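The file input-v6.cif contains mmCIF, C-alpha atoms:
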```
data_run
loop_
_atom_site.label_atom_id
_atom_site.label_comp_id
_atom_site.auth_asym_id
_atom_site.auth_seq_id
_atom_site.Cartn_x
_atom_site.Cartn_y
_atom_site.Cartn_z
CA MET T 1 -29.69 24.65 11.09
CA ALA T 2 -32.61 23.06 9.21
CA THR T 3 -31.49 24.77 5.99
CA THR T 4 -27.93 23.58 6.50
CA ASP T 5 -29.16 20.04 7.11
CA ARG T 6 -31.31 20.09 3.97
CA ARG T 7 -28.32 21.28 1.97
CA ALA T 8 -26.14 18.57 3.53
CA THR T 9 -28.78 15.93 2.74
CA THR T 10 -29.01 17.10 -0.87
CA LEU T 11 -25.23 17.00 -1.25
CA ALA T 12 -25.02 13.58 0.41
CA LEU T 13 -27.64 12.21 -1.96
CA ALA T 14 -25.77 13.64 -4.96
CA HIS T 15 -22.51 12.03 -3.80
CA ALA T 16 -24.30 8.74 -3.09
CA LEU T 17 -25.83 8.66 -6.57
CA SER T 18 -22.42 9.38 -8.08
CA ALA T 19 -20.90 6.49 -6.10
CA ALA T 20 -23.71 4.21 -7.26
CA GLU T 21 -22.86 5.03 -10.87
CA ARG T 22 -19.44 3.49 -10.16
CA GLY T 23 -21.06 0.27 -8.94
CA LEU T 24 -20.82 1.09 -5.22
CA ALA T 25 -23.90 0.19 -3.16
CA VAL T 26 -24.85 2.93 -0.68
CA ILE T 27 -27.04 3.72 2.34
CA PRO T 28 -27.83 7.06 4.04
CA LEU T 29 -25.91 7.87 7.22
CA SER T 30 -26.63 10.26 10.07
CA ARG T 31 -24.13 12.79 11.44
CA SER T 32 -22.99 10.11 13.91
CA LYS T 33 -21.85 7.94 10.94
CA LEU T 34 -24.49 5.34 11.82
CA PRO T 35 -27.20 4.18 9.37
CA ALA T 36 -29.80 6.93 9.28
CA LEU T 37 -32.80 4.59 9.26
CA ARG T 38 -33.67 2.70 12.43
CA SER T 39 -34.66 -0.95 12.37
CA PRO T 40 -38.38 -1.55 11.79
CA HIS T 41 -38.07 -4.43 14.28
CA ARG T 42 -36.65 -2.36 17.16
CA ASP T 43 -39.83 -2.61 19.26
CA ALA T 44 -40.60 -6.23 18.37
CA PRO T 45 -39.24 -9.37 20.01
CA PRO T 46 -36.25 -10.86 18.15
CA PRO T 47 -37.39 -13.06 15.26
CA ALA T 48 -36.27 -16.66 15.06
CA HIS T 49 -34.05 -15.70 12.13
CA SER T 50 -32.62 -12.20 11.85
CA CYS T 51 -34.33 -10.16 9.14
CA HIS T 52 -31.89 -8.62 6.67
CA GLY T 53 -34.50 -6.81 4.64
CA GLU T 54 -36.67 -9.76 3.70
CA CYS T 55 -39.62 -7.91 5.27
CA GLY T 56 -39.41 -5.32 2.49
CA ARG T 57 -39.03 -2.32 4.81
CA PHE T 58 -36.06 0.03 5.21
CA GLY T 59 -33.89 0.07 8.31
CA HIS T 60 -31.61 -2.96 7.96
CA GLY T 61 -28.35 -1.07 7.85
CA VAL T 62 -25.88 -2.21 5.24
CA TYR T 63 -28.42 -4.74 3.94
CA ASP T 64 -30.42 -1.78 2.53
CA ALA T 65 -27.46 -0.79 0.34
CA SER T 66 -28.23 -0.38 -3.35
CA ILE T 67 -26.87 0.93 -6.64
CA ASP T 68 -30.40 1.54 -7.98
CA PRO T 69 -30.93 5.35 -8.21
CA ARG T 70 -34.66 5.03 -7.56
CA ARG T 71 -34.14 2.98 -4.38
CA ILE T 72 -31.39 5.31 -3.20
CA ARG T 73 -33.68 8.30 -3.58
CA GLU T 74 -36.36 6.44 -1.62
CA LEU T 75 -33.86 5.66 1.15
CA PHE T 76 -32.86 9.32 1.45
CA ALA T 77 -36.48 10.46 1.27
CA ALA T 78 -37.18 8.20 4.26
CA ALA T 79 -34.22 9.75 6.12
CA PRO T 80 -34.35 13.53 5.46
CA TRP T 81 -31.93 14.05 8.38
CA ALA T 82 -29.15 12.07 6.63
CA THR T 83 -26.01 14.10 5.98
CA GLY T 84 -23.79 11.37 4.64
CA TYR T 85 -23.74 7.98 3.01
CA GLY T 86 -22.09 4.66 3.62
CA ILE T 87 -20.56 2.41 0.97
CA ALA T 88 -21.17 -1.29 1.55
CA CYS T 89 -18.08 -3.50 1.41
CA GLY T 90 -17.79 -6.98 -0.01
CA LEU T 91 -20.48 -6.62 -2.68
CA ARG T 92 -20.29 -7.04 -6.44
CA PRO T 93 -18.75 -5.85 -8.66
CA HIS T 94 -15.85 -4.40 -6.64
CA HIS T 95 -15.96 -6.60 -3.49
CA LEU T 96 -14.63 -3.55 -1.69
CA ILE T 97 -12.18 -3.88 1.22
CA GLY T 98 -11.56 -0.80 3.36
CA VAL T 99 -8.26 -0.32 5.20
CA ASP T 100 -8.98 2.26 7.91
CA LEU T 101 -5.82 3.95 9.17
CA ASP T 102 -6.97 5.54 12.41
CA THR T 103 -5.28 8.29 14.42
CA LYS T 104 -7.30 8.03 17.63
CA SER T 105 -5.26 5.18 19.10
CA GLY T 106 -2.21 7.39 19.50
CA THR T 107 -0.19 5.13 17.22
CA ASP T 108 1.16 5.78 13.74
CA SER T 109 -1.07 3.44 11.77
CA SER T 110 0.46 4.52 8.45
CA ALA T 111 3.91 3.55 9.72
CA ALA T 112 2.49 0.25 10.98
CA LEU T 113 1.10 -0.49 7.51
CA ARG T 114 4.45 0.35 5.91
CA GLU T 115 6.17 -2.01 8.34
CA LEU T 116 3.73 -4.79 7.47
CA ALA T 117 4.34 -4.15 3.78
CA LEU T 118 8.12 -4.43 4.23
CA ARG T 119 7.87 -7.53 6.38
CA HIS T 120 5.45 -9.36 4.08
CA LEU T 121 6.77 -8.02 0.78
CA PHE T 122 3.79 -6.19 -0.65
CA THR T 123 3.17 -2.68 -1.94
CA ILE T 124 -0.04 -0.72 -1.52
CA PRO T 125 -1.06 0.22 -5.07
CA GLU T 126 -2.38 3.58 -6.17
CA THR T 127 -6.03 3.62 -5.22
CA VAL T 128 -8.82 5.78 -3.85
CA VAL T 129 -7.85 7.36 -0.52
CA VAL T 130 -10.50 9.05 1.62
CA LEU T 131 -9.38 11.56 4.26
CA THR T 132 -11.32 11.56 7.53
CA PRO T 133 -12.01 14.65 9.67
CA SER T 134 -9.80 13.25 12.45
CA GLY T 135 -6.77 12.99 10.15
CA GLY T 136 -7.12 9.30 9.34
CA ARG T 137 -7.26 7.67 5.92
CA HIS T 138 -9.41 5.02 4.27
CA LEU T 139 -7.73 3.01 1.51
CA TRP T 140 -10.09 1.36 -0.97
CA LEU T 141 -9.05 -2.05 -2.26
CA THR T 142 -10.90 -4.82 -4.08
CA GLY T 143 -10.96 -8.54 -3.28
CA PRO T 144 -11.61 -11.75 -5.21
CA PRO T 145 -15.30 -12.63 -5.66
CA ASP T 146 -14.98 -15.98 -3.86
CA VAL T 147 -13.27 -14.63 -0.73
CA VAL T 148 -15.07 -13.11 2.25
CA VAL T 149 -12.94 -10.61 4.14
CA PRO T 150 -14.20 -10.19 7.73
CA ASN T 151 -14.32 -6.92 9.62
CA SER T 152 -11.63 -6.45 12.24
CA ALA T 153 -10.36 -3.76 14.61
CA SER T 154 -6.62 -3.42 15.30
CA ARG T 155 -6.04 -7.14 14.62
CA LEU T 156 -3.57 -6.41 11.83
CA ALA T 157 -1.80 -3.72 13.88
CA PRO T 158 -2.85 -1.03 16.38
CA GLY T 159 -4.91 1.62 14.63
CA ILE T 160 -5.58 -0.44 11.49
CA ASP T 161 -9.20 -1.48 11.12
CA ILE T 162 -10.57 -3.51 8.23
CA ARG T 163 -14.00 -3.06 6.68
CA GLY T 164 -15.14 -6.19 4.88
CA ALA T 165 -18.32 -8.18 4.35
CA GLY T 166 -21.19 -6.72 6.35
CA GLY T 167 -19.29 -3.48 6.95
CA TYR T 168 -19.33 -0.07 5.29
CA LEU T 169 -17.10 2.94 4.69
CA VAL T 170 -18.20 6.56 5.10
CA GLY T 171 -18.29 7.95 1.58
CA PRO T 172 -16.39 11.08 0.51
CA GLY T 173 -18.58 14.15 0.68
CA SER T 174 -20.33 12.97 3.85
CA ARG T 175 -20.78 15.52 6.64
CA THR T 176 -20.53 14.21 10.20
CA ASP T 177 -20.39 15.65 13.72
CA HIS T 178 -16.61 15.86 13.37
CA GLY T 179 -16.37 17.29 9.85
CA VAL T 180 -16.45 16.33 6.19
CA TYR T 181 -14.92 13.29 4.51
CA GLY T 182 -13.10 13.93 1.22
CA THR T 183 -10.85 12.18 -1.25
CA ALA T 184 -7.11 12.78 -1.14
CA PRO T 185 -5.82 14.92 -4.02
CA GLY T 186 -5.22 12.92 -7.18
CA THR T 187 -7.12 9.80 -6.08
CA ALA T 188 -10.78 10.57 -6.75
CA HIS T 189 -10.57 9.44 -10.39
CA LEU T 190 -8.82 6.15 -9.59
CA PRO T 191 -10.64 2.81 -9.52
CA PRO T 192 -10.25 0.79 -6.31
CA ALA T 193 -7.07 -1.28 -6.78
CA PRO T 194 -6.83 -5.04 -6.22
CA CYS T 195 -5.68 -6.00 -2.73
CA PRO T 196 -2.11 -7.36 -2.87
CA PRO T 197 -2.22 -11.17 -2.35
CA ALA T 198 0.21 -11.01 0.59
CA LEU T 199 -2.00 -8.46 2.36
CA LEU T 200 -5.14 -10.45 1.55
CA ARG T 201 -3.60 -13.46 3.28
CA LEU T 202 -3.07 -11.35 6.39
CA LEU T 203 -6.74 -10.34 6.32
CA LEU T 204 -7.81 -13.99 6.19
CA PRO T 205 -6.09 -15.84 9.04
CA PRO T 206 -6.31 -19.63 8.80
CA PRO T 207 -9.43 -20.72 10.69
CA PRO T 208 -9.04 -22.98 13.72
CA HIS T 209 -9.25 -26.72 13.14
CA SER T 210 -12.88 -27.65 12.77
CA PRO T 211 -14.35 -29.83 15.54
CA GLY T 212 -15.24 -32.61 13.11
CA GLY T 213 -11.80 -32.73 11.57
CA HIS T 214 -13.00 -31.99 8.02
CA SER T 215 -10.02 -30.09 6.64
CA HIS T 216 -9.75 -31.20 3.02
CA ALA T 217 -11.17 -27.90 1.76
CA HIS T 218 -8.77 -25.94 3.98
CA ALA T 219 -5.76 -27.83 2.66
CA HIS T 220 -6.12 -26.13 -0.69
CA GLY T 221 -6.79 -22.74 0.87
CA ARG T 222 -10.07 -22.45 -1.02
CA GLY T 223 -13.04 -21.00 0.76
CA HIS T 224 -11.31 -20.41 4.09
CA GLY T 225 -12.71 -16.87 4.13
CA LEU T 226 -16.25 -18.27 3.98
CA ILE T 227 -15.53 -20.63 6.87
CA HIS T 228 -14.02 -17.80 8.92
CA PHE T 229 -17.13 -15.72 8.18
CA VAL T 230 -19.29 -18.46 9.72
CA LEU T 231 -16.94 -19.06 12.67
CA THR T 232 -17.07 -15.39 13.70
CA ALA T 233 -20.89 -15.22 13.74
CA GLN T 234 -22.49 -13.84 16.89
CA GLU T 235 -25.75 -15.08 18.35
CA GLY T 236 -28.57 -13.99 16.07
CA GLN T 237 -26.28 -14.08 13.00
CA ARG T 238 -25.41 -17.76 12.86
CA ASN T 239 -28.06 -19.08 10.48
CA THR T 240 -27.90 -15.99 8.27
CA ARG T 241 -24.11 -16.09 7.96
CA LEU T 242 -24.13 -19.83 7.29
CA PHE T 243 -26.78 -19.45 4.59
CA TRP T 244 -24.91 -16.55 2.94
CA ALA T 245 -21.58 -18.41 3.01
CA ALA T 246 -23.12 -21.62 1.65
CA CYS T 247 -24.77 -19.70 -1.20
CA ARG T 248 -21.42 -18.12 -2.14
CA ALA T 249 -19.73 -21.52 -1.94
CA TYR T 250 -22.23 -23.12 -4.32
CA GLU T 251 -22.18 -20.15 -6.68
CA ASN T 252 -18.39 -20.55 -6.99
CA GLY T 253 -18.36 -24.32 -7.39
CA LEU T 254 -17.06 -24.99 -3.87
CA GLY T 255 -20.30 -26.23 -2.31
CA PRO T 256 -19.61 -29.99 -2.13
CA ALA T 257 -16.02 -29.46 -0.96
CA LEU T 258 -16.99 -26.98 1.77
CA THR T 259 -20.27 -28.47 3.02
CA ASN T 260 -18.83 -30.44 5.93
CA ALA T 261 -16.45 -27.64 6.97
CA LEU T 262 -19.26 -25.06 6.88
CA ILE T 263 -21.48 -27.31 8.98
CA ASP T 264 -18.68 -27.94 11.48
CA ALA T 265 -18.03 -24.18 11.73
CA ALA T 266 -21.73 -23.48 12.34
CA VAL T 267 -21.93 -26.19 15.02
CA HIS T 268 -18.86 -24.63 16.63
CA THR T 269 -20.80 -21.33 16.96
CA GLY T 270 -23.76 -23.03 18.66
CA LEU T 271 -26.11 -24.30 15.94
CA THR T 272 -27.18 -27.92 16.06
CA GLU T 273 -25.93 -30.15 13.28
CA ARG T 274 -29.50 -30.65 12.10
CA GLU T 275 -30.06 -26.88 11.83
CA ALA T 276 -26.77 -26.39 10.02
CA ARG T 277 -27.41 -29.17 7.51
CA SER T 278 -30.90 -27.81 6.82
CA THR T 279 -29.51 -24.30 6.20
CA VAL T 280 -26.79 -25.55 3.85
CA ALA T 281 -29.33 -27.68 1.98
CA SER T 282 -31.56 -24.60 1.56
CA ALA T 283 -28.59 -22.66 0.15
CA ALA T 284 -27.85 -25.49 -2.28
CA ARG T 285 -31.44 -25.48 -3.51
CA MET T 286 -31.43 -21.68 -3.80
CA SER T 287 -28.29 -21.91 -5.95
CA GLY T 288 -29.81 -24.57 -8.18
CA ARG T 289 -27.56 -27.29 -6.76
CA GLY T 290 -30.15 -29.09 -4.65
CA VAL T 291 -28.94 -31.88 -2.39
#
```
Represent the supplied structure as structure tokens.
Amino acid sequence: MATTDRRATTLALAHALSAAERGLAVIPLSRSKLPALRSPHRDAPPPAHSCHGECGRFGHGVYDASIDPRRIRELFAAAPWATGYGIACGLRPHHLIGVDLDTKSGTDSSAALRELALRHLFTIPETVVVLTPSGGRHLWLTGPPDVVVPNSASRLAPGIDIRGAGGYLVGPGSRTDHGVYGTAPGTAHLPPAPCPPALLRLLLPPPPHSPGGHSHAHAHGRGHGLIHFVLTAQEGQRNTRLFWAACRAYENGLGPALTNALIDAAVHTGLTEREARSTVASAARMSGRGV
């Protein structure tokens, strides 16, 4: 078994390095499809602000993802039990979006996607398709750099899960408890295709009206993905998500227009207005747009 695992780890590393050459940031996964490295903070009390790798140690899940071959080798060396790799979604240069067509729900998720395509007048382009051991499929699509696609499970339709910012896809060549992931014939050489605009709109539902009534940024449909990203933050993620979204907003020239809406969204999740304004101001300074 140990020999088999070493061989699986070697193969997983080779596949991960190949994915990194295509600009896809990767992390090692265990046979359970979970990140192979445990959090270095697992035995410590929760920090005031969640650490996403700022401590410099491995074990922060998708936040460890890298395209640097040296770092990838270090990650796998720290997890010699890894038999697969995950591909982080939402990162440059591809801003990957994964459409996971599951078979476990007992529904025909492929048929559900075809029905959505007919109803909303879009076509899934030729793109990378990864086949899962359970008979499901992962479609790789790319999104615009200024749009944050959230993760979701069966929101679009039963059996259709979406992997977006903060999520990851199991990479082809990974070995898990249920079998090996592989690319569908004729798709391995393809680049991830752009997500059809009509489908992208379905992935980014209009956010609820903000408590403060600041909706001028929403009216133009710009940055609503960033606001949704903040609105869906769980406890322990709120400051981090707000800071990340504010940085992206300022990097894309939307900072001043989205500031009030981002603050309102953060307050809606439980932050105080003072905390939210301080976090957005920090993001503005980090982006060279100090306020």
Output the residue selection produced by the PyMOL selection byres ((chain T and resi 38) around 10) on the file above, formatted as a ChimeraX atom specification.
/T:34-37,39-42,58-61,79
For atom CA of T:Ser32 and atom CA of T:Asp177, determine how far apart the two atoms are, in Å to one decimal place.
6.1 Å
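Using only C-alpha atoms, the protein and nucleic acid residues lying no more than 9 Å from stretch 103-115 of chain T, apart from those fewer than 3 places from it along its own chain, are T:Asp100, T:Leu118, T:Arg119, T:His120, T:Thr123, T:Ile124, T:Ser134, T:Gly135, T:Gly136, T:Arg137, T:Leu156, T:Ala157, T:Pro158, T:Gly159, T:Ile160.
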Please enumerate the residues selected by the PyMOL selection byres ((chain T and resi 172-175) around 7) when evaluated against the supplied file, formatted as a PyMOL selection string.
chain T and resi 8+12+15+31+83-85+130+170-171+176+179-183
Answer key for the PyMOL selection byres ((chain T and resi 276) around 8), residues as a list in words:
Asn239, Leu242, Ile263, Ala266, Val267, Leu271, Thr272, Glu273, Arg274, Glu275, Arg277, Ser278, Thr279 and Val280 of chain T
Would you mind reading off the distance between atom CA of T:Gly166 and atom CA of T:Asp5, one decimal, in Å?
27.9 Å
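Nearest to T:Ala283 of all the residues T:Ala153, T:Cys247, T:Val129, T:Ala77 is T:Cys247, counting all atoms listed in the file.
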Quote the spacing between atom CA of T:Asp161 and atom CA of T:Thr9 in Å to one decimal place.
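About the pair atom CA of T:Asp161 and atom CA of T:Thr9: they are 27.5 Å apart.
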Would you list the contacts of T:Ile72 as a list in words, taking every protein, DNA or RNA residue within 10 Å and counting all atoms listed in the file, but skipping same-chain residues closer than 3 positions in sequence?
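After dropping sequence-adjacent residues, the list is Leu13, Ala16, Leu17, Ala20, Ala25, Val26, Ile27, Pro28, Asp64, Ala65, Ser66, Ile67, Asp68, Pro69, Leu75, Phe76, Ala77 and Ala78 of chain T.
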Would you list the residues near (-11.0, -13.1, 4.3), meaning any protein, DNA or RNA residue with an atom at most 8 Å from that point in file coordinates, counting all atoms listed in the file, as an MDAnalysis selection string?
chainID T and resid 147:150 200:201 203:205 224:226 228:229
Top pick for closest residue to T:Arg163, considering T:Leu139, T:Ala198, T:Ala265, T:Ala246 and counting all atoms listed in the file:
T:Leu139
Determine, counting all atoms listed in the file, which protein, DNA and RNA residues have an atom within 7 Å of an atom of T:His95; residues of the same chain fewer than 3 positions away are not included. Present the result as a PyMOL selection string.
chain T and resi 89-92+142-145
Given 4 Å on each side, where is the centre and what are the edge lengths in Å to one decimal of the axis-aligned box enclosing the listed atoms of stretch 22-25 of chain T, as AutoDock Vina command-line options?
```
--center_x -21.7 --center_y 1.8 --center_z -6.7 --size_x 12.5 --size_y 11.3 --size_z 15.0
```
